[in-house]
>>> print(open('coords18.txt').read())   # compact mmCIF, C-alpha atoms and all ligand atoms
# COMPACT_ATOMS: atom_id res chain seq x y z
CA MET R 41 -6.24 8.64 -17.35
CA ALA R 42 -3.12 8.00 -15.29
CA SER R 43 -0.27 6.05 -16.80
CA ILE R 44 2.92 4.69 -15.27
CA GLY R 45 5.53 4.19 -17.96
CA LYS R 46 3.69 2.32 -20.70
CA ILE R 47 1.05 1.04 -18.26
CA LYS R 48 -2.37 2.65 -18.48
CA LEU R 49 -4.55 2.56 -15.36
CA ASP R 50 -8.33 2.02 -15.50
CA ASN R 51 -8.95 4.65 -12.85
CA PRO R 52 -6.87 6.94 -10.63
CA VAL R 53 -7.50 5.38 -7.19
CA CYS R 54 -5.32 2.65 -5.66
CA LEU R 55 -4.89 0.80 -2.40
CA ALA R 56 -1.74 2.11 -0.64
CA PRO R 57 0.81 -0.49 0.46
CA MET R 58 0.24 -1.36 4.12
CA ALA R 59 2.24 -3.94 6.07
CA GLY R 60 -0.13 -6.48 7.60
CA PHE R 61 -3.04 -5.41 5.38
CA SER R 62 -1.97 -5.42 1.69
CA THR R 63 -2.09 -9.20 1.22
CA VAL R 64 -3.04 -10.87 -2.08
CA PRO R 65 -6.62 -11.65 -0.93
CA TYR R 66 -7.19 -8.10 0.21
CA ARG R 67 -5.66 -6.57 -2.93
CA VAL R 68 -7.98 -8.75 -5.04
CA ILE R 69 -11.00 -7.73 -2.94
CA CYS R 70 -10.09 -4.04 -3.32
CA LYS R 71 -9.65 -4.47 -7.06
CA GLY R 72 -13.24 -5.75 -7.14
CA PHE R 73 -14.37 -2.42 -5.69
CA GLY R 74 -12.32 -0.34 -8.13
CA SER R 75 -8.73 -0.08 -6.82
CA ALA R 76 -6.64 0.28 -10.00
CA TYR R 77 -3.71 -1.62 -8.51
CA ALA R 78 -2.00 -2.11 -5.16
CA PRO R 79 1.69 -2.56 -4.36
CA THR R 80 2.76 -5.32 -1.98
CA GLU R 81 3.87 -4.29 1.48
CA LEU R 82 7.54 -3.37 1.90
CA CYS R 83 10.16 -6.13 1.69
CA SER R 84 13.88 -5.86 2.40
CA ALA R 85 16.12 -5.78 -0.69
CA ARG R 86 19.07 -6.84 1.47
CA SER R 87 17.23 -9.88 2.78
CA ILE R 88 16.37 -10.98 -0.76
CA ARG R 89 19.98 -10.40 -1.88
CA TYR R 90 21.45 -12.64 0.80
CA ARG R 91 18.66 -15.16 1.44
CA GLY R 92 16.79 -15.24 -1.85
CA VAL R 93 13.06 -14.68 -2.35
CA GLY R 94 12.01 -17.81 -0.39
CA PRO R 95 11.95 -16.47 3.20
CA SER R 96 10.16 -13.28 2.04
CA TYR R 97 7.61 -14.99 -0.20
CA GLN R 98 4.65 -14.18 2.03
CA TYR R 99 5.35 -10.46 1.47
CA LEU R 100 6.34 -10.69 -2.19
CA ARG R 101 3.57 -12.96 -3.43
CA ILE R 102 1.45 -11.62 -6.31
CA ASP R 103 -1.48 -13.08 -8.23
CA PRO R 104 -1.46 -11.39 -11.64
CA GLY R 105 -4.43 -13.46 -12.86
CA ARG R 106 -6.71 -12.06 -10.17
CA GLU R 107 -5.01 -8.78 -9.30
CA GLY R 108 -4.53 -7.45 -12.81
CA LEU R 109 -1.66 -4.97 -12.44
CA THR R 110 0.93 -5.83 -9.81
CA SER R 111 3.78 -3.99 -8.11
CA ILE R 112 6.37 -5.29 -5.63
CA GLN R 113 7.65 -2.81 -3.05
CA LEU R 114 11.25 -3.02 -1.79
CA PHE R 115 13.10 -1.06 0.84
CA GLY R 116 16.83 -0.72 1.39
CA PHE R 117 19.85 1.54 1.51
CA ASP R 118 22.31 0.00 -0.93
CA PRO R 119 21.87 0.24 -4.73
CA VAL R 120 23.64 -3.10 -5.16
CA ASP R 121 21.06 -4.80 -2.90
CA PHE R 122 18.33 -3.54 -5.25
CA GLU R 123 20.14 -4.90 -8.32
CA TYR R 124 20.43 -8.34 -6.75
CA ALA R 125 16.92 -8.30 -5.24
CA ILE R 126 15.25 -7.28 -8.50
CA GLY R 127 17.37 -9.85 -10.34
CA ALA R 128 16.13 -12.54 -7.93
CA ILE R 129 12.52 -11.38 -8.38
CA LEU R 130 12.88 -11.56 -12.16
CA ASP R 131 14.38 -15.05 -11.88
CA ASP R 132 11.32 -16.34 -10.01
CA GLU R 133 8.60 -17.80 -12.21
CA LEU R 134 5.70 -16.05 -10.47
CA LEU R 135 7.35 -12.87 -9.17
CA SER R 136 8.90 -12.12 -12.58
CA LYS R 137 5.36 -11.37 -13.77
CA THR R 138 5.21 -8.23 -11.62
CA ASP R 139 4.36 -5.21 -13.75
CA MET R 140 6.27 -2.70 -11.61
CA ILE R 141 8.84 -2.32 -8.86
CA ASP R 142 8.11 0.25 -6.15
CA ILE R 143 10.82 1.66 -3.89
CA ASN R 144 9.92 2.66 -0.34
CA MET R 145 11.39 6.04 0.60
CA GLY R 146 8.73 6.87 3.15
CA CYS R 147 8.82 4.30 5.93
CA PRO R 148 9.32 6.13 9.28
CA VAL R 149 9.91 3.05 11.48
CA PRO R 150 13.14 3.49 13.55
CA LYS R 151 14.37 -0.04 12.70
CA VAL R 152 14.25 0.89 8.99
CA ILE R 153 15.53 4.48 9.10
CA LYS R 154 18.52 3.71 11.29
CA THR R 155 19.92 1.68 8.38
CA GLY R 156 19.48 4.68 6.04
CA ALA R 157 16.48 3.09 4.26
CA GLY R 158 12.83 4.21 3.97
CA SER R 159 12.24 7.89 4.70
CA ALA R 160 15.92 8.35 5.72
CA LEU R 161 16.68 8.37 1.98
CA MET R 162 15.11 11.84 1.84
CA LYS R 163 18.20 13.00 3.76
CA THR R 164 20.59 11.38 1.25
CA PRO R 165 19.16 12.40 -2.14
CA LYS R 166 22.22 11.30 -4.12
CA LEU R 167 21.91 7.79 -2.69
CA ALA R 168 18.16 7.83 -3.38
CA GLY R 169 18.88 8.69 -7.02
CA ASP R 170 21.52 5.94 -7.24
CA ILE R 171 18.98 3.43 -5.91
CA VAL R 172 16.42 4.41 -8.56
CA ARG R 173 19.09 4.13 -11.29
CA ALA R 174 20.20 0.71 -10.01
CA ALA R 175 16.59 -0.49 -9.83
CA ARG R 176 15.88 0.71 -13.35
CA LYS R 177 18.95 -1.06 -14.70
CA ALA R 178 17.87 -4.31 -13.04
CA ALA R 179 14.14 -4.04 -13.81
CA CYS R 180 14.56 -4.82 -17.53
CA GLY R 181 12.18 -2.10 -18.71
CA LYS R 182 9.51 -2.58 -16.05
CA PRO R 183 8.46 0.76 -14.55
CA VAL R 184 10.16 1.77 -11.30
CA THR R 185 8.10 3.90 -8.93
CA VAL R 186 8.89 5.59 -5.60
CA LYS R 187 6.71 6.21 -2.56
CA THR R 188 7.93 8.96 -0.26
CA ARG R 189 6.81 11.74 2.11
CA ILE R 190 6.80 15.56 2.25
CA GLY R 191 10.05 15.60 4.23
CA PHE R 192 11.91 13.95 7.05
CA ASP R 193 11.94 16.43 9.95
CA ARG R 194 8.90 17.82 11.71
CA GLY R 195 7.99 21.13 10.13
CA ALA R 196 9.18 20.16 6.62
CA LYS R 197 6.85 21.66 4.03
CA GLY R 198 7.53 19.57 0.95
CA ASP R 199 10.73 18.78 -0.92
CA PRO R 200 10.50 19.64 -4.63
CA ASP R 201 14.27 19.12 -5.04
CA PHE R 202 13.84 15.48 -3.98
CA ILE R 203 11.22 15.04 -6.72
CA LYS R 204 13.72 16.41 -9.26
CA VAL R 205 16.38 13.94 -8.10
CA LEU R 206 13.95 11.01 -8.37
CA ALA R 207 12.68 12.16 -11.76
CA ASP R 208 16.20 12.69 -13.15
CA ALA R 209 17.13 9.19 -11.97
CA GLY R 210 14.28 7.78 -14.06
CA SER R 211 11.34 7.18 -11.69
CA ASP R 212 8.20 6.38 -13.67
CA MET R 213 5.85 7.53 -10.92
CA ILE R 214 6.31 9.23 -7.56
CA CYS R 215 3.72 9.00 -4.80
CA VAL R 216 3.90 11.46 -1.92
CA HIS R 217 2.28 10.94 1.48
CA GLY R 218 1.46 14.32 3.02
CA ARG R 219 3.19 13.81 6.36
CA THR R 220 6.81 14.07 7.47
CA ALA R 221 8.63 10.97 8.68
CA ALA R 222 8.77 12.57 12.15
CA ALA R 223 4.97 12.88 12.20
CA MET R 224 4.63 9.17 11.27
CA TYR R 225 0.81 8.92 10.97
CA SER R 226 -0.24 11.70 13.35
CA GLY R 227 -1.93 15.00 12.52
CA GLN R 228 -3.44 15.88 9.20
CA ALA R 229 -1.84 15.40 5.80
CA ASP R 230 -0.36 18.70 4.54
CA ILE R 231 -1.96 19.12 1.12
CA GLU R 232 -0.02 22.32 0.35
CA ALA R 233 3.27 20.45 0.84
CA VAL R 234 2.10 17.59 -1.39
CA ALA R 235 1.00 20.18 -3.98
CA LEU R 236 4.48 21.72 -4.00
CA MET R 237 5.93 18.31 -4.84
CA GLY R 238 3.16 17.66 -7.37
CA LYS R 239 4.12 20.88 -9.16
CA ALA R 240 7.76 19.75 -9.28
CA ALA R 241 6.69 16.37 -10.68
CA LYS R 242 4.62 18.08 -13.37
CA GLU R 243 7.57 20.28 -14.34
CA ALA R 244 9.80 17.21 -14.49
CA GLY R 245 7.20 15.34 -16.57
CA VAL R 246 6.82 12.44 -14.13
CA THR R 247 3.51 10.83 -13.13
CA PHE R 248 2.48 11.95 -9.64
CA PHE R 249 0.27 10.24 -7.05
CA ALA R 250 -0.91 11.92 -3.86
CA ASN R 251 -1.67 10.18 -0.57
CA GLY R 252 -2.89 11.04 2.90
CA ASP R 253 -6.30 11.12 4.61
CA ILE R 254 -8.31 10.31 1.47
CA GLN R 255 -11.57 8.69 2.53
CA ASP R 256 -14.36 9.88 0.23
CA GLY R 257 -15.06 11.65 -3.03
CA ALA R 258 -14.60 15.14 -1.61
CA SER R 259 -11.19 14.46 -0.04
CA ALA R 260 -10.09 12.59 -3.20
CA LEU R 261 -11.13 15.42 -5.53
CA LYS R 262 -9.48 18.03 -3.31
CA MET R 263 -6.20 16.09 -3.19
CA LYS R 264 -6.24 15.32 -6.92
CA GLU R 265 -6.98 18.86 -8.03
CA LYS R 266 -4.80 20.79 -5.57
CA CYS R 267 -1.78 18.54 -6.11
CA SER R 268 -2.00 18.10 -9.92
CA ALA R 269 -2.07 14.37 -9.17
CA GLN R 270 -2.84 11.82 -11.86
CA GLY R 271 -3.45 9.19 -9.20
CA LEU R 272 -4.31 8.75 -5.53
CA MET R 273 -3.47 6.13 -2.92
CA VAL R 274 -5.82 5.27 -0.08
CA GLY R 275 -4.42 3.70 3.08
CA ARG R 276 -6.14 3.60 6.44
CA ALA R 277 -9.61 4.40 5.12
CA ALA R 278 -9.39 1.08 3.24
CA GLN R 279 -8.55 -1.04 6.30
CA GLY R 280 -11.44 -3.49 6.62
CA ASN R 281 -13.32 -1.26 4.19
CA PRO R 282 -12.83 -2.23 0.53
CA TRP R 283 -16.07 -0.35 -0.27
CA VAL R 284 -14.14 2.89 0.09
CA PHE R 285 -12.95 2.55 -3.53
CA ASP R 286 -16.50 2.27 -4.83
CA ARG R 287 -17.43 5.24 -2.67
CA ILE R 288 -14.57 7.45 -3.85
CA LEU R 289 -15.02 6.58 -7.54
CA LYS R 290 -18.79 7.10 -7.42
CA GLU R 291 -18.61 10.34 -5.44
CA MET R 292 -15.89 11.72 -7.72
CA LYS R 293 -18.41 11.34 -10.55
CA GLY R 294 -21.20 12.89 -8.48
CA GLU R 295 -22.96 9.53 -8.05
CA VAL R 296 -24.54 8.35 -4.82
CA PHE R 297 -22.80 5.66 -2.77
CA THR R 298 -24.70 3.45 -0.36
CA GLU R 299 -22.82 2.12 2.69
CA PRO R 300 -22.73 -1.68 3.05
CA SER R 301 -24.91 -3.18 5.76
CA PHE R 302 -23.38 -4.78 8.88
CA GLU R 303 -24.31 -8.20 7.38
CA GLU R 304 -22.40 -7.42 4.18
CA ARG R 305 -19.39 -6.34 6.23
CA LYS R 306 -19.46 -9.53 8.28
CA GLU R 307 -19.75 -11.63 5.11
CA MET R 308 -16.78 -9.78 3.59
CA LEU R 309 -14.70 -10.33 6.72
CA LEU R 310 -15.35 -14.08 6.46
CA LYS R 311 -14.66 -14.24 2.71
CA HIS R 312 -11.40 -12.33 3.30
CA LEU R 313 -10.42 -14.61 6.19
CA LYS R 314 -11.12 -17.81 4.24
CA GLU R 315 -8.90 -16.60 1.39
CA GLU R 316 -6.11 -15.76 3.84
CA VAL R 317 -6.37 -19.29 5.27
CA GLU R 318 -5.76 -20.73 1.76
CA LEU R 319 -2.36 -18.97 1.61
CA ALA R 320 -1.24 -19.15 5.23
CA PRO R 321 0.90 -21.94 6.73
CA SER R 322 -2.01 -22.82 9.05
CA GLU R 323 -5.58 -21.78 9.88
CA ASP R 324 -4.41 -20.57 13.29
CA ALA R 325 -1.68 -18.39 11.72
CA ALA R 326 -4.19 -16.82 9.32
CA VAL R 327 -6.73 -16.05 12.04
CA ARG R 328 -4.06 -14.54 14.29
CA ALA R 329 -2.62 -12.40 11.46
CA MET R 330 -6.13 -11.14 10.68
CA ARG R 331 -6.88 -9.94 14.24
CA SER R 332 -5.96 -6.31 13.54
CA VAL R 333 -8.02 -6.51 10.35
CA PHE R 334 -11.13 -7.91 12.16
CA VAL R 335 -11.11 -4.83 14.38
CA CYS R 336 -11.36 -2.60 11.30
CA TYR R 337 -14.24 -4.58 9.75
CA VAL R 338 -16.43 -4.39 12.85
CA LYS R 339 -15.73 -0.73 13.71
CA GLY R 340 -19.00 1.11 14.31
CA MET R 341 -21.13 -2.04 14.53
CA LYS R 342 -23.56 -2.57 17.39
CA GLY R 343 -21.61 -4.20 20.26
CA ALA R 344 -18.32 -3.53 18.43
CA ALA R 345 -16.21 -3.44 21.60
CA GLU R 346 -17.30 -6.91 22.67
CA LEU R 347 -17.07 -8.24 19.10
CA LYS R 348 -13.49 -6.96 18.79
CA ASP R 349 -12.53 -8.45 22.10
CA ARG R 350 -13.92 -11.88 21.21
CA LEU R 351 -12.58 -11.85 17.63
CA CYS R 352 -9.10 -11.04 18.93
CA ARG R 353 -9.15 -14.26 20.96
CA ALA R 354 -10.40 -16.52 18.14
CA SER R 355 -8.06 -18.98 16.46
CA THR R 356 -10.30 -20.85 13.98
CA VAL R 357 -12.62 -19.79 11.15
CA GLU R 358 -15.47 -21.62 12.87
CA GLU R 359 -14.97 -19.57 16.04
CA VAL R 360 -14.95 -16.34 14.03
CA GLU R 361 -18.18 -17.37 12.26
CA ASP R 362 -19.77 -18.19 15.58
CA ILE R 363 -18.76 -14.85 17.12
CA LEU R 364 -20.05 -12.89 14.13
CA TRP R 365 -23.42 -14.54 13.71
CA ASN R 366 -24.43 -15.66 17.22
C1 LIG R 401 -0.43 -0.32 9.16
C2 LIG R 401 0.27 0.46 8.09
C3 LIG R 401 1.26 -0.16 7.33
C4 LIG R 401 1.94 0.55 6.32
N1 LIG R 401 2.87 -0.11 5.55
C5 LIG R 401 3.44 0.54 4.51
C6 LIG R 401 4.33 -0.15 3.62
O1 LIG R 401 4.61 -1.35 3.76
N2 LIG R 401 4.85 0.56 2.59
C7 LIG R 401 4.57 1.90 2.38
O2 LIG R 401 5.06 2.49 1.42
N3 LIG R 401 3.72 2.55 3.19
C8 LIG R 401 3.15 1.92 4.23
N4 LIG R 401 2.22 2.57 5.01
C9 LIG R 401 1.85 3.96 4.68
C10 LIG R 401 0.61 3.99 3.78
O3 LIG R 401 0.89 3.43 2.52
C11 LIG R 401 0.11 5.45 3.58
O4 LIG R 401 1.15 6.18 2.99
C12 LIG R 401 -0.28 6.12 4.89
O5 LIG R 401 -1.10 5.29 5.66
C13 LIG R 401 -1.02 7.44 4.61
O6 LIG R 401 -2.19 7.22 3.87
P1 LIG R 401 -3.65 7.28 4.59
O7 LIG R 401 -3.76 8.60 5.28
O8 LIG R 401 -4.62 7.10 3.45
O9 LIG R 401 -3.65 6.15 5.57
C14 LIG R 401 1.59 1.90 6.05
C15 LIG R 401 0.59 2.51 6.81
C16 LIG R 401 -0.07 1.82 7.82
C17 LIG R 401 -1.15 2.53 8.60
>>> encode(input="coords18.txt", output="structure tokens", more="lines below")
Ligand SMILES: Cc1cc2nc3c(=O)[nH]c(=O)nc-3n(C[C@H](O)[C@H](O)[C@H](O)COP(=O)(O)O)c2cc1C
Amino acid sequence: MASIGKIKLDNPVCLAPMAGFSTVPYRVICKGFGSAYAPTELCSARSIRYRGVGPSYQYLRIDPGREGLTSIQLFGFDPVDFEYAIGAILDDELLSKTDMIDINMGCPVPKVIKTGAGSALMKTPKLAGDIVRAARKAACGKPVTVKTRIGFDRGAKGDPDFIKVLADAGSDMICVHGRTAAAMYSGQADIEAVALMGKAAKEAGVTFFANGDIQDGASALKMKEKCSAQGLMVGRAAQGNPWVFDRILKEMKGEVFTEPSFEERKEMLLKHLKEEVELAPSEDAAVRAMRSVFVCYVKGMKGAAELKDRLCRASTVEEVEDILWN
């Protein structure tokens, strides 16, 4: 079974970090369906360094009691920012309980890469290594992991040298998403390119996770076997669909998975929403933030287009309930 540093995972399949989706309630729901753990969405190391953890708490929040294993993901471009940010995390009563720190070296968003952070770090491997070393020094023995891509420019076919840099700097796990930064989320994940990086990780003796287009047992098994991956991360297939973990784990064992009914999906949407309301500054804020998630839950349902349209205009839990059931 996969391990990250001294941490042993119950199974190899995890929820990928996704801004706007990977909240505490959703990570807990996914855990209930088999996700081994799920990093938080990305949070700026520089912002934490200069403003403390307070303003970023909604992104950093973890719930070790209900989530089990936890990992906080940071992005940035300056090793010193990571030292300060991790120091601040470890000084916070709740956040200090995080089991791991994950470093984002895969984000393709222009706002992030123009600072030299996210996937831009693939173009500055020495700096990427320095960031891992700084994070390790600050993390007081907690595993430091990295999530990256198969390359920066369109046409890149995997970067085994980058894996070596990250491994030499002391990464405890490296996860590779099978697209270039230029491709963002378009096209298909390039499994051969991920496999090339998986081979480099194996040679370097570092735990390797593969990511990209995994949605069922067949795609999970293919990715795991071809890429010598100990673990897998599932992103978009898990949006509004926590059952995907049950499906993947069952199908990987050759067991039969039964899709949830529309009623079960509606009930899950409401349970998820009510938990988000508990943590949000207001009911209205929670309902608004969940709009893109509602769309995912009702995909494929009878009258989905009208449901989506009405749900995207709701601002209270009562309105959402009314739209779903009447
Ligand atoms: C809406 C959205 C938000 C994302 N946010 C993050 C993030 O905060 N950190 C990160 O490392 N990756 C992020 N990703 C990338 C995913 O973790 C994952 O690598 C990508 O979606 C490919 O996996 P998939 O094909 O299973 O979706 C995000 C992806 C999406 C679609």
>>> residues_around(input="coords18.txt", residues="region 332-348 of chain R", least_positions_apart="3", cutoff="7 Å", atoms="only C-alpha atoms", output="PDB file with C-alpha atoms, in the frame of the given file")
ATOM      1  CA  GLN R 279      -8.550  -1.040   6.300  1.00  0.00           C
ATOM      2  CA  GLY R 280     -11.440  -3.490   6.620  1.00  0.00           C
ATOM      3  CA  ASN R 281     -13.320  -1.260   4.190  1.00  0.00           C
ATOM      4  CA  PHE R 302     -23.380  -4.780   8.880  1.00  0.00           C
ATOM      5  CA  ARG R 305     -19.390  -6.340   6.230  1.00  0.00           C
ATOM      6  CA  LEU R 309     -14.700 -10.330   6.720  1.00  0.00           C
ATOM      7  CA  LEU R 351     -12.580 -11.850  17.630  1.00  0.00           C
ATOM      8  CA  CYS R 352      -9.100 -11.040  18.930  1.00  0.00           C
TER       9      CYS R 352
END
>>> closest_atom_pairs(input="coords18.txt", of="chain R", to="ligand LIG 401 (chain R)", cutoff="7 Å", atoms="all atoms listed in the file", output="JSON lines")
{"residue": "R:Ala56", "atom": "CA", "partner": "R:LIG401", "partner_atom": "O3", "distance": 4.3}
{"residue": "R:Pro57", "atom": "CA", "partner": "R:LIG401", "partner_atom": "O3", "distance": 4.4}
{"residue": "R:Met58", "atom": "CA", "partner": "R:LIG401", "partner_atom": "N1", "distance": 3.2}
{"residue": "R:Ala59", "atom": "CA", "partner": "R:LIG401", "partner_atom": "N1", "distance": 3.9}
{"residue": "R:Gly60", "atom": "CA", "partner": "R:LIG401", "partner_atom": "C1", "distance": 6.4}
{"residue": "R:Phe61", "atom": "CA", "partner": "R:LIG401", "partner_atom": "C1", "distance": 6.9}
{"residue": "R:Glu81", "atom": "CA", "partner": "R:LIG401", "partner_atom": "O1", "distance": 3.8}
{"residue": "R:Leu82", "atom": "CA", "partner": "R:LIG401", "partner_atom": "O1", "distance": 4.0}
{"residue": "R:Asn144", "atom": "CA", "partner": "R:LIG401", "partner_atom": "O2", "distance": 5.2}
{"residue": "R:Gly146", "atom": "CA", "partner": "R:LIG401", "partner_atom": "O2", "distance": 6.0}
{"residue": "R:Cys147", "atom": "CA", "partner": "R:LIG401", "partner_atom": "C7", "distance": 6.0}
{"residue": "R:Lys187", "atom": "CA", "partner": "R:LIG401", "partner_atom": "O2", "distance": 5.7}
{"residue": "R:His217", "atom": "CA", "partner": "R:LIG401", "partner_atom": "O4", "distance": 5.1}
{"residue": "R:Tyr225", "atom": "CA", "partner": "R:LIG401", "partner_atom": "O5", "distance": 6.7}
{"residue": "R:Asn251", "atom": "CA", "partner": "R:LIG401", "partner_atom": "O6", "distance": 5.4}
{"residue": "R:Gly252", "atom": "CA", "partner": "R:LIG401", "partner_atom": "O7", "distance": 3.5}
{"residue": "R:Asp253", "atom": "CA", "partner": "R:LIG401", "partner_atom": "O7", "distance": 3.6}
{"residue": "R:Ile254", "atom": "CA", "partner": "R:LIG401", "partner_atom": "O8", "distance": 5.3}
{"residue": "R:Met273", "atom": "CA", "partner": "R:LIG401", "partner_atom": "O8", "distance": 6.5}
{"residue": "R:Val274", "atom": "CA", "partner": "R:LIG401", "partner_atom": "O8", "distance": 4.2}
{"residue": "R:Gly275", "atom": "CA", "partner": "R:LIG401", "partner_atom": "O8", "distance": 3.4}
{"residue": "R:Arg276", "atom": "CA", "partner": "R:LIG401", "partner_atom": "O9", "distance": 3.7}
{"residue": "R:Ala277", "atom": "CA", "partner": "R:LIG401", "partner_atom": "O8", "distance": 5.9}
>>> closest_residue(input="coords18.txt", among="R:Phe192, R:Tyr77, R:Trp283, R:Phe249", to="Leu55 (chain R)", atoms="all atoms listed in the file")
R:Tyr77
>>> atom_distance(input="coords18.txt", atom1="CA of Asp131 (chain R)", atom2="CA of Ser111 (chain R)")
15.8 Å
>>> residues_near_point(input="coords18.txt", point="(4.2, -16.5, -2.1)", cutoff="12 Å", atoms="only C-alpha atoms", output="PyMOL selection string")
chain R and resi 63-65+80+93-103+112+129+132-135+316+318-321
>>> residues_near_point(input="coords18.txt", point="(7.2, 4.3, -5.0)", cutoff="9 Å", atoms="only C-alpha atoms", output="PyMOL selection string")
chain R and resi 79+113-114+141-146+184-188+211-216
>>> residues_around(input="coords18.txt", residues="Val284 (chain R)", least_positions_apart="3", cutoff="8 Å", atoms="only C-alpha atoms", output="PyMOL selection string")
chain R and resi 73+255-256+277-278+281+287-288
>>> residues_around(input="coords18.txt", residues="Asn366 (chain R)", least_positions_apart="6", cutoff="12 Å", atoms="only C-alpha atoms", output="list in words")
Lys306, Leu347, Arg350, Glu358, Glu359 and Val360 of chain R
>>> atom_distance(input="coords18.txt", atom1="CA of Ala250 (chain R)", atom2="CA of Ala235 (chain R)")
8.5 Å
>>> closest_residue(input="coords18.txt", among="R:Ile171, R:Ile190, R:Cys83, R:Leu130", to="Ala209 (chain R)", atoms="only C-alpha atoms")
R:Ile171
>>> residues_around(input="coords18.txt", residues="Glu323 (chain R)", least_positions_apart="3", cutoff="8 Å", atoms="all atoms listed in the file", output="PyMOL selection string")
chain R and resi 317+320+326-327+355-357
>>> write_last_selection(input="coords18.txt", atoms="C-alpha atoms", output="mmCIF file, in the frame of the given file")
data_model
loop_
_atom_site.group_PDB
_atom_site.id
_atom_site.type_symbol
_atom_site.label_atom_id
_atom_site.label_comp_id
_atom_site.auth_asym_id
_atom_site.auth_seq_id
_atom_site.Cartn_x
_atom_site.Cartn_y
_atom_site.Cartn_z
ATOM 1 C CA VAL R 317 -6.370 -19.290 5.270
ATOM 2 C CA ALA R 320 -1.240 -19.150 5.230
ATOM 3 C CA ALA R 326 -4.190 -16.820 9.320
ATOM 4 C CA VAL R 327 -6.730 -16.050 12.040
ATOM 5 C CA SER R 355 -8.060 -18.980 16.460
ATOM 6 C CA THR R 356 -10.300 -20.850 13.980
ATOM 7 C CA VAL R 357 -12.620 -19.790 11.150
#
>>> residues_around(input="coords18.txt", residues="Asp118 (chain R)", least_positions_apart="2", cutoff="10 Å", atoms="all atoms listed in the file", output="list in words")
Ala85, Arg86, Phe115, Gly116, Val120, Asp121, Phe122, Glu123, Thr155, Gly156, Ala157, Leu167, Ala168, Asp170, Ile171 and Ala174 of chain R
>>> atom_distance(input="coords18.txt", atom1="CA of Gly158 (chain R)", atom2="CA of Pro104 (chain R)")
26.3 Å
>>> build_atoms(input="coords18.txt", residues="region 57-61 of chain R", atoms="all heavy atoms", output="short mmCIF file (atom, residue, chain, number, x, y, z; two decimals), in the frame of the given file")
data_model
loop_
_atom_site.label_atom_id
_atom_site.label_comp_id
_atom_site.auth_asym_id
_atom_site.auth_seq_id
_atom_site.Cartn_x
_atom_site.Cartn_y
_atom_site.Cartn_z
N PRO R 57 0.19 0.68 -0.18
CA PRO R 57 0.81 -0.49 0.46
C PRO R 57 0.74 -0.36 1.98
O PRO R 57 1.08 0.70 2.52
CB PRO R 57 2.27 -0.43 -0.03
CG PRO R 57 2.50 0.99 -0.43
CD PRO R 57 1.16 1.53 -0.86
N MET R 58 0.30 -1.40 2.65
CA MET R 58 0.24 -1.36 4.12
C MET R 58 0.65 -2.72 4.68
O MET R 58 -0.02 -3.74 4.45
CB MET R 58 -1.18 -1.02 4.59
CG MET R 58 -1.52 0.46 4.48
SD MET R 58 -3.12 0.82 5.18
CE MET R 58 -4.20 0.05 4.00
N ALA R 59 1.75 -2.71 5.44
CA ALA R 59 2.24 -3.94 6.07
C ALA R 59 1.13 -4.52 6.95
O ALA R 59 0.50 -3.79 7.71
CB ALA R 59 3.48 -3.63 6.90
N GLY R 60 0.89 -5.81 6.79
CA GLY R 60 -0.13 -6.48 7.60
C GLY R 60 -1.54 -6.38 7.02
O GLY R 60 -2.46 -7.03 7.51
N PHE R 61 -1.71 -5.57 5.98
CA PHE R 61 -3.04 -5.41 5.38
C PHE R 61 -3.06 -5.73 3.87
O PHE R 61 -4.01 -6.31 3.38
CB PHE R 61 -3.55 -3.96 5.57
CG PHE R 61 -3.95 -3.66 6.98
CD1 PHE R 61 -3.02 -3.23 7.91
CD2 PHE R 61 -5.26 -3.83 7.40
CE1 PHE R 61 -3.37 -2.97 9.23
CE2 PHE R 61 -5.64 -3.57 8.72
CZ PHE R 61 -4.69 -3.13 9.63
#
